[in-house]
Amino acid sequence: MEHLTLIIGVVIVTALVFDFTNGFHDTANAMATTISTGALKPKTAVAMSAVLNLVGAFLSVEVAATISKGIIDEGSGIRPEVIFAGLVGAIVWNLLTWLAGLPSSSSHALFGGLIGATLVSVGFDGVHFDAVVMKILIPAVAAPIVAGVAALLATRLTYKLAQGRDPQDTTKGYRAGQIASGALVSLAHGTNDAQKTMGVITLALVTGGVIAPKSDPPLWVIVSAALAIALGTYLGGWRIIRTMGKGLTDIQPPQGFAAQTSSAAVILASSHLGYALSTTQVCSGSIMGAGKGRRGAVVRWGTAGRMVAAWGLTLPAAGLVAGLAALLADRGDWGVATVAVLGLAACTAIWVASRRKPVDHTNVNDVDPATPIEPVIIPSPAAAAATPAPQATV
């Protein structure tokens with residue numbers, strides 16, 4: 001029992017480390033467009049997002065139940081060592097994609113890690129593949145498309161309503177709207193992503209015999225997961241914020257408002273239904289949709305293609321790393337210790353590599369835009385008729 005208690009403690013700490021990486025990896029989801037348009041200063045934006053992630057974590061436990069009760073079979077013989085291996089795979093993949101500035105899915109990294117470790121240690125009977133398809137794979141395909149279409153339509157409607165109005169007034173209004181919608185996305189992110197860590201810790205407690213099967217997360221689990229994701233969010237994943245704010249398209253305040261509102265609606269609806277979807281994919285889809293919604297805007301499809309490739313690789317890549325970790329962890333105490341040392345070494349190497357070209361709040365927007373950032377307001381027909389035609393030059 002002493003060994004089991006130690007292992008559960010290791011799993012809990014590792015899960016909170018993953019939650020921390022999830023926070024700074026996904027800060028861009030809520031605040032990339034708000035920062036890129038200048039609606040909020042970078043440090044102010046991530047501080048607000050951190051507070052609202054903390055609050056959102058207390059609003060629901062539906063997604064946590066999907067993790068702890070739905071994907072992995074609690075009664076299949078899965079042990080805390082397996083969950084530890086899955087978390088190591090998820091953390092390593094999170095940090096690799098952060099180093100590359102790719103907004104991959106922290107959620108899918110976690111799912112892939114848990115599934116890969118379970119398959120190696122327990123076998124196919126340990127995974128509920130029907131739940132994986134219905135709760136993970138189908139939402140992974142549908143959510144960014146739905147969010148993108150919604151953002152495209154919302155952007156076109158936004159510019160339609162702004163026709164003929166003073167650009168300075170509309171810009172101020174949309175920047176205020178961005179702050180409100182960014183806050184809503186942060187709240188929604190807390191209701192979805194913080195719960196995933198709660199579900200993992202609850203699963204570890206069930207497999208260790210600490211709480212009864214099918215239990216909801218205890219209050220201390222909810223509080224610790226909420227604090228971890230909030231701290232990670234405040235740290236700010238500046239590399240990914242740069243990619244989503246400037247790398248996909250040149251977002252203007254009306255587009256940022258439309259993208260964030262669409263993202264929040266999709267994430268909150270999925271949290272209510274218990275779908276553990278990727279908030280990163282939703283927000284990225286919204287940004288691309290908003291980019292297509294403005295006339296003359298440029299969407300950098302090369303960057304988008306790399307992102308989609310990372311999305312497709314996340315589940316199997318995290319699963320492969322976790323599966324290898326599970327092979328070692330199943331060997332006993334020395335195997336668990338080896339996995340911990342190797343995981344720590346990989347994380348340290350990634351951090352050292354990131355220091356060669358650091359990105360922080362002072363240079364997060366230092367990217368040459370493909371098109372001007374100033375808002376484009378389509379004039380009304382009356383204003384267009386009143387504008388004198390340009391004189392021909394000889």
# chains A, B, ... in the order shown; residues from 1 in each chain; ligands from 1
call {"tool": "residues_around", "arguments": {"residues": "Met307 (chain A)", "least_positions_apart": "2", "cutoff": "12 Å", "atoms": "only C-alpha atoms", "output": "PyMOL selection string"}}
result
chain A and resi 97-98+100-105+240+243-244+247-248+280-281+284-285+288+300-305+309-314
call {"tool": "select_by_dssp", "arguments": {"residues": "region 9-71 of chain A", "states": "alpha helix (DSSP H)", "output": "ChimeraX atom specification"}}
result
/A:9-36,42-56,62-65
call {"tool": "residues_around", "arguments": {"residues": "His361 (chain A)", "least_positions_apart": "6", "cutoff": "9 Å", "atoms": "only C-alpha atoms", "output": "list in words"}}
result
Lys41, Pro42, Lys43, Gly236 and Trp238 of chain A
call {"tool": "write_last_selection", "arguments": {"atoms": "N, CA and C atoms", "output": "short mmCIF file (atom, residue, chain, number, x, y, z; two decimals), in the first residue's frame"}}
result
data_model
loop_
_atom_site.label_atom_id
_atom_site.label_comp_id
_atom_site.auth_asym_id
_atom_site.auth_seq_id
_atom_site.Cartn_x
_atom_site.Cartn_y
_atom_site.Cartn_z
N LYS A 41 -2.86 44.63 -23.76
CA LYS A 41 -1.43 44.40 -23.69
C LYS A 41 -1.19 42.92 -23.37
N PRO A 42 -0.09 42.35 -23.87
CA PRO A 42 0.13 40.91 -23.71
C PRO A 42 0.02 40.39 -22.28
N LYS A 43 0.70 41.04 -21.34
CA LYS A 43 0.67 40.54 -19.96
C LYS A 43 -0.70 40.70 -19.33
N GLY A 236 2.02 32.15 -20.17
CA GLY A 236 1.89 32.61 -21.55
C GLY A 236 2.69 31.78 -22.54
N TRP A 238 3.96 32.09 -25.56
CA TRP A 238 4.14 33.18 -26.53
C TRP A 238 4.44 32.68 -27.93
#
call {"tool": "atom_distance", "arguments": {"atom1": "CA of Val221 (chain A)", "atom2": "CA of Val122 (chain A)"}}
result
25.9 Å
call {"tool": "atom_distance", "arguments": {"atom1": "CA of Leu184 (chain A)", "atom2": "CA of Ala140 (chain A)"}}
result
21.1 Å
call {"tool": "closest_residue", "arguments": {"among": "A:Ser354, A:Asp73, A:Thr202, A:Ile83", "to": "Gly237 (chain A)", "atoms": "only C-alpha atoms"}}
result
A:Ser354
call {"tool": "residues_around", "arguments": {"residues": "Val185 (chain A)", "least_positions_apart": "6", "cutoff": "10 Å", "atoms": "only C-alpha atoms", "output": "PyMOL selection string"}}
result
chain A and resi 29-31+49+52-53+56+179+191+260-268+279+283
